[in-house]
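> Structure supplied as target.txt; contents: compact mmCIF, C-alpha atoms.
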# COMPACT_ATOMS: atom_id res chain seq x y z
CA MET A 1266 0.00 0.00 0.00
CA ARG A 1267 2.79 2.41 0.88
CA ALA A 1268 4.50 1.70 -2.46
CA SER A 1269 1.29 2.41 -4.33
CA ALA A 1270 0.75 5.66 -2.44
CA VAL A 1271 4.30 6.77 -3.26
CA ILE A 1272 3.79 6.00 -6.98
CA VAL A 1273 0.49 7.95 -7.07
CA SER A 1274 2.11 10.91 -5.31
CA LEU A 1275 5.00 10.99 -7.76
CA ALA A 1276 2.55 10.86 -10.69
CA VAL A 1277 0.58 13.83 -9.32
CA VAL A 1278 3.77 15.83 -8.80
CA GLY A 1279 4.90 15.04 -12.36
CA VAL A 1280 1.62 16.21 -13.86
CA ALA A 1281 1.77 19.42 -11.81
CA CYS A 1282 5.32 20.09 -12.94
CA VAL A 1283 4.32 19.72 -16.60
CA ALA A 1284 1.14 21.79 -16.25
CA ALA A 1285 2.80 24.65 -14.35
CA PRO A 1286 5.12 25.75 -17.18
CA ALA A 1287 2.21 25.47 -19.65
CA ARG A 1288 0.07 27.75 -17.47
CA ALA A 1289 2.96 30.13 -17.02
CA ALA A 1290 3.53 30.28 -20.77
CA ALA A 1291 -0.16 30.91 -21.38
CA GLY A 1292 -0.16 33.63 -18.75
CA ASP A 1293 2.80 35.31 -20.40
CA GLU A 1294 0.91 35.69 -23.66
CA LYS A 1295 -0.14 39.28 -24.18
CA PRO A 1296 -3.14 40.31 -26.28
CA LYS A 1297 -2.28 41.79 -29.64
CA ALA A 1298 -2.24 45.56 -29.59
CA ALA A 1299 -4.99 47.25 -31.55
CA ALA A 1300 -3.93 49.22 -34.60
CA ALA A 1301 -3.23 52.84 -33.78
CA VAL A 1302 -5.89 55.30 -34.86
CA PRO A 1303 -4.37 57.72 -37.41
CA ASP A 1304 -5.13 61.43 -37.38
CA LEU A 1305 -6.89 62.37 -40.62
CA SER A 1306 -7.19 66.03 -39.62
CA GLY A 1307 -6.13 68.68 -42.09
CA SER A 1308 -6.90 70.39 -45.37
CA TRP A 1309 -6.91 68.30 -48.52
CA ARG A 1310 -7.18 68.91 -52.28
CA LEU A 1311 -8.61 66.38 -54.72
CA ASP A 1312 -5.96 64.84 -56.98
CA LYS A 1313 -7.96 64.31 -60.16
CA GLU A 1314 -5.17 62.50 -61.98
CA ARG A 1315 -4.94 59.81 -59.33
CA SER A 1316 -8.68 59.58 -58.69
CA ASP A 1317 -11.21 57.47 -60.56
CA ASP A 1318 -13.82 59.00 -62.84
CA ALA A 1319 -16.91 58.03 -60.85
CA HIS A 1320 -19.32 58.63 -63.74
CA GLN A 1321 -17.26 56.37 -66.01
CA LYS A 1322 -17.20 53.70 -63.32
CA MET A 1323 -20.97 53.77 -63.03
CA ARG A 1324 -21.40 53.70 -66.82
CA GLU A 1325 -19.22 50.59 -66.96
CA LEU A 1326 -21.33 49.02 -64.25
CA VAL A 1327 -24.59 49.39 -66.18
CA PRO A 1328 -23.88 49.47 -69.94
CA PRO A 1329 -26.56 50.80 -72.32
CA PRO A 1330 -28.92 48.24 -73.89
CA THR A 1331 -27.46 46.51 -76.95
CA GLY A 1332 -28.98 47.33 -80.30
CA SER A 1333 -30.50 50.56 -79.06
CA ARG A 1334 -29.67 53.74 -80.96
CA ARG A 1335 -31.70 56.00 -78.70
CA PRO A 1336 -29.34 58.44 -76.93
CA PRO A 1337 -29.36 58.60 -73.12
CA ALA A 1338 -31.83 60.99 -71.58
CA ARG A 1339 -30.68 64.47 -70.62
CA GLY A 1340 -29.03 64.45 -67.21
CA MET A 1341 -27.99 60.80 -67.46
CA PRO A 1342 -24.35 59.72 -67.87
CA GLY A 1343 -23.35 60.36 -71.46
CA GLY A 1344 -26.53 62.28 -72.16
CA PRO A 1345 -26.69 65.55 -74.10
CA GLY A 1346 -26.26 68.88 -72.41
CA VAL A 1347 -24.23 67.44 -69.55
CA ALA A 1348 -20.66 68.58 -69.14
CA GLY A 1349 -18.09 65.86 -68.66
CA GLY A 1350 -20.41 63.09 -69.84
CA GLY A 1351 -23.06 63.49 -67.17
CA THR A 1352 -22.09 65.48 -64.10
CA MET A 1353 -25.74 66.49 -63.59
CA GLY A 1354 -28.26 64.01 -62.26
CA PRO A 1355 -27.80 60.50 -60.89
CA PRO A 1356 -26.22 57.69 -62.90
CA ARG A 1357 -28.27 55.07 -64.71
CA GLY A 1358 -30.00 52.77 -62.24
CA ILE A 1359 -30.36 55.34 -59.43
CA ASP A 1360 -33.83 56.63 -58.64
CA PRO A 1361 -33.75 60.43 -58.15
CA GLY A 1362 -36.37 60.02 -55.43
CA ASP A 1363 -34.24 57.62 -53.41
CA ASP A 1364 -32.46 59.07 -50.37
CA SER A 1365 -29.27 57.26 -51.36
CA ALA A 1366 -29.36 59.03 -54.74
CA GLU A 1367 -28.66 62.25 -52.87
CA ALA A 1368 -25.94 60.45 -50.92
CA MET A 1369 -24.34 59.40 -54.22
CA ARG A 1370 -23.83 62.97 -55.43
CA PRO A 1371 -20.71 63.65 -53.31
CA ILE A 1372 -19.29 60.35 -54.60
CA LEU A 1373 -20.03 61.10 -58.25
CA ASP A 1374 -18.95 64.76 -58.05
CA PRO A 1375 -16.66 65.13 -55.02
CA ALA A 1376 -15.63 68.53 -53.71
CA GLU A 1377 -12.20 69.68 -54.81
CA GLN A 1378 -11.41 70.88 -51.28
CA LEU A 1379 -11.86 68.78 -48.14
CA ALA A 1380 -11.32 69.65 -44.48
CA VAL A 1381 -11.24 66.97 -41.77
CA TYR A 1382 -11.57 67.61 -38.04
CA GLN A 1383 -11.01 64.65 -35.73
CA ALA A 1384 -11.83 64.05 -32.06
CA GLU A 1385 -11.71 60.89 -29.95
CA HIS A 1386 -14.92 59.33 -31.24
CA GLU A 1387 -15.97 61.78 -33.95
CA VAL A 1388 -14.68 62.69 -37.39
CA VAL A 1389 -16.11 65.72 -39.18
CA THR A 1390 -15.66 65.99 -42.96
CA ASP A 1391 -16.37 69.39 -44.48
CA GLU A 1392 -16.75 69.35 -48.26
CA GLY A 1393 -17.80 72.99 -48.61
CA SER A 1394 -21.04 73.45 -50.53
CA VAL A 1395 -21.27 69.69 -51.23
CA ARG A 1396 -21.89 68.47 -47.67
CA ARG A 1397 -20.65 68.44 -44.09
CA ARG A 1398 -20.85 65.24 -42.05
CA THR A 1399 -20.25 64.28 -38.44
CA LEU A 1400 -19.24 60.61 -38.26
CA HIS A 1401 -19.58 58.87 -34.90
CA ALA A 1402 -16.67 56.41 -35.01
CA ASP A 1403 -17.75 54.09 -32.18
CA GLY A 1404 -19.09 51.15 -34.21
CA ARG A 1405 -22.73 51.83 -33.31
CA LYS A 1406 -25.45 52.39 -35.90
CA TYR A 1407 -27.08 55.80 -36.12
CA LYS A 1408 -29.31 57.74 -38.47
CA ALA A 1409 -27.74 59.98 -41.08
CA GLU A 1410 -28.34 63.70 -40.72
CA ASN A 1411 -31.06 63.50 -43.37
CA GLY A 1412 -32.81 60.91 -41.20
CA ALA A 1413 -33.36 58.48 -44.09
CA SER A 1414 -30.18 56.36 -44.13
CA GLU A 1415 -28.52 54.26 -41.45
CA VAL A 1416 -24.80 54.74 -40.84
CA LYS A 1417 -22.16 52.78 -38.96
CA THR A 1418 -18.64 54.22 -38.57
CA GLU A 1419 -15.67 52.49 -36.95
CA TRP A 1420 -11.91 52.16 -37.07
CA LYS A 1421 -10.60 48.91 -38.57
CA GLN A 1422 -6.86 48.23 -38.76
CA GLY A 1423 -5.99 51.91 -38.92
CA ARG A 1424 -8.70 52.74 -41.48
CA LEU A 1425 -11.93 54.66 -41.00
CA VAL A 1426 -14.80 52.58 -42.41
CA VAL A 1427 -18.19 54.21 -43.02
CA GLU A 1428 -21.14 51.98 -43.99
CA THR A 1429 -24.31 53.70 -45.19
CA ARG A 1430 -27.53 51.82 -45.98
CA GLY A 1431 -30.49 53.41 -47.77
CA PHE A 1432 -34.06 52.30 -47.26
CA ARG A 1433 -34.13 50.71 -50.73
CA GLY A 1434 -31.25 48.37 -50.01
CA ARG A 1435 -28.40 50.38 -51.50
CA LYS A 1436 -25.21 50.19 -49.47
CA THR A 1437 -22.04 52.26 -49.73
CA THR A 1438 -18.86 51.43 -47.86
CA GLU A 1439 -16.22 54.15 -47.61
CA THR A 1440 -12.71 53.28 -46.44
CA TRP A 1441 -10.53 56.26 -45.51
CA GLU A 1442 -6.80 55.89 -44.89
CA LEU A 1443 -3.59 57.88 -44.94
CA ALA A 1444 -0.96 57.20 -47.60
CA ASP A 1445 2.43 58.52 -48.69
CA GLY A 1446 3.57 59.05 -45.11
CA GLY A 1447 0.52 61.12 -44.23
CA ARG A 1448 0.81 63.39 -47.27
CA ALA A 1449 -2.18 61.81 -49.04
CA LEU A 1450 -5.63 60.68 -47.98
CA THR A 1451 -7.42 58.00 -49.98
CA CYS A 1452 -11.09 57.10 -49.95
CA THR A 1453 -12.25 53.87 -51.58
CA VAL A 1454 -16.02 53.66 -52.01
CA LYS A 1455 -17.82 50.40 -52.76
CA VAL A 1456 -21.37 50.83 -54.05
CA GLU A 1457 -23.77 47.88 -53.86
CA ASN A 1458 -27.32 48.01 -55.21
CA GLY A 1459 -28.41 44.64 -53.88
CA TYR A 1460 -28.38 43.25 -57.43
CA GLY A 1461 -25.69 42.92 -60.07
CA PRO A 1462 -22.00 43.69 -59.55
CA ALA A 1463 -20.69 46.32 -57.16
CA ALA A 1464 -18.80 49.43 -58.25
CA THR A 1465 -15.56 50.48 -56.56
CA ILE A 1466 -14.46 54.11 -56.84
CA LYS A 1467 -11.22 55.52 -55.49
CA ARG A 1468 -10.46 59.14 -54.66
CA VAL A 1469 -7.08 60.57 -53.68
CA TYR A 1470 -6.54 63.83 -51.79
CA ASP A 1471 -3.22 65.64 -51.36
CA ARG A 1472 -2.49 67.47 -48.13
CA THR A 1473 -2.33 71.24 -48.52
CA GLY A 1474 -0.92 72.11 -45.08
CA ASP A 1475 1.31 70.63 -42.40
CA ALA A 1476 0.51 67.14 -41.14
CA PRO A 1477 -0.38 66.66 -37.46
CA ALA A 1478 2.66 66.03 -35.28
CA SER A 1479 1.60 62.42 -34.71
CA GLU A 1480 1.64 61.71 -38.46
CA ARG A 1481 4.93 63.38 -39.43
CA ASP A 1482 7.88 61.28 -40.56
In structure tokens, write the structure found in this file.

Amino acid sequence: MRASAVIVSLAVVGVACVAAPARAAAGDEKPKAAAAVPDLSGSWRLDKERSDDAHQKMRELVPPPTGSRRPPARGMPGGPGVAGGGTMGPPRGIDPGDDSAEAMRPILDPAEQLAVYQAEHEVVTDEGSVRRRTLHADGRKYKAENGASEVKTEWKQGRLVVETRGFRGRKTTETWELADGGRALTCTVKVENGYGPAATIKRVYDRTGDAPASERD
């Protein structure tokens, strides 16, 4: 009996010795640090040469019917009387009465000047006469300022992601991030109609002033 008790005791001690280092190693593991939130604040100018032509992108998404010689209606992409191939009116497939049609205008015809003001959980984008938005970057859903669309804004891996859903199912996802060592700001917009392929439009802004101290090389 004593020999058996000694063997059992030694086995328990051996298991404890093996488990202790494993627990210690697990305890030493530190959670991965979240990506730092960049400071997008500043004044920016649209770089047209490096930015996509949004109207062309939308035309490629919904080509005109084959075999039809009828020209596009006035105000539609490629239609007569519209400078630049359709800078007035929504692109083909967007209902002018839809709230998200109004939301598409700053994407189709972005302001040439952009100012960004950033706080801990808010980012304000001022696009002059085009629009001014206050984005609540806490990951919670909220109503857009027009009250018709639902918005969710959050930081993901150092990028500001803004998801906007219209009541007719249209969804736009904007991804804002710094580039070129903080000297450029890019915005990639993915437009989904709920049917057919999505359109991806990229805009590039160049900084016109000094970068915040936290973003300088």
> Determine, using all atoms listed in the file, which residues of stretch 1428-1474 of chain A have any atom at most 12 Å from an atom of stretch 1385-1401 of chain A, and tabulate each with its shortest atom pair and distance in Å to one decimal place, rows ordered by chain and then rising number, as a Markdown table.

| residue | atom | partner | partner_atom | distance |
| --- | --- | --- | --- | --- |
| A:Glu1428 | CA | A:Leu1400 | CA | 10.5 |
| A:Thr1429 | CA | A:Leu1400 | CA | 11.0 |
| A:Glu1439 | CA | A:Leu1400 | CA | 11.8 |
| A:Trp1441 | CA | A:Val1388 | CA | 11.2 |
> Have a look at atom CA of A:Asp1403 and atom CA of A:Thr1437 and let me know their distance in Å, one decimal.
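So the two atoms, atom CA of A:Asp1403 and atom CA of A:Thr1437, lie 18.2 Å apart.
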> Atom CA of A:Glu1377 and atom CA of A:Leu1311 are how many Å apart?
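Spanning atom CA of A:Glu1377 to atom CA of A:Leu1311 is a straight-line distance of 4.9 Å.
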> Report as a list of chain:residue names all protein, DNA and RNA residues lying within 12 Å of A:Ala1402, evaluated on only C-alpha atoms, omitting residues in the same chain fewer than 4 positions from it.
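Answer for this query is A:Val1302, A:Gln1383, A:Ala1384, A:Glu1385, A:His1386, A:Glu1387, A:Val1388, A:Val1389, A:Lys1406, A:Tyr1407, A:Val1416, A:Lys1417, A:Thr1418, A:Glu1419, A:Trp1420, A:Lys1421, A:Arg1424, A:Leu1425, A:Val1426, A:Val1427, A:Glu1428.
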> For the atom pair atom CA of A:Val1381 and atom CA of A:Gly1307, what is the interatomic distance in Å to one decimal place?
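A separation of 5.4 Å between them.
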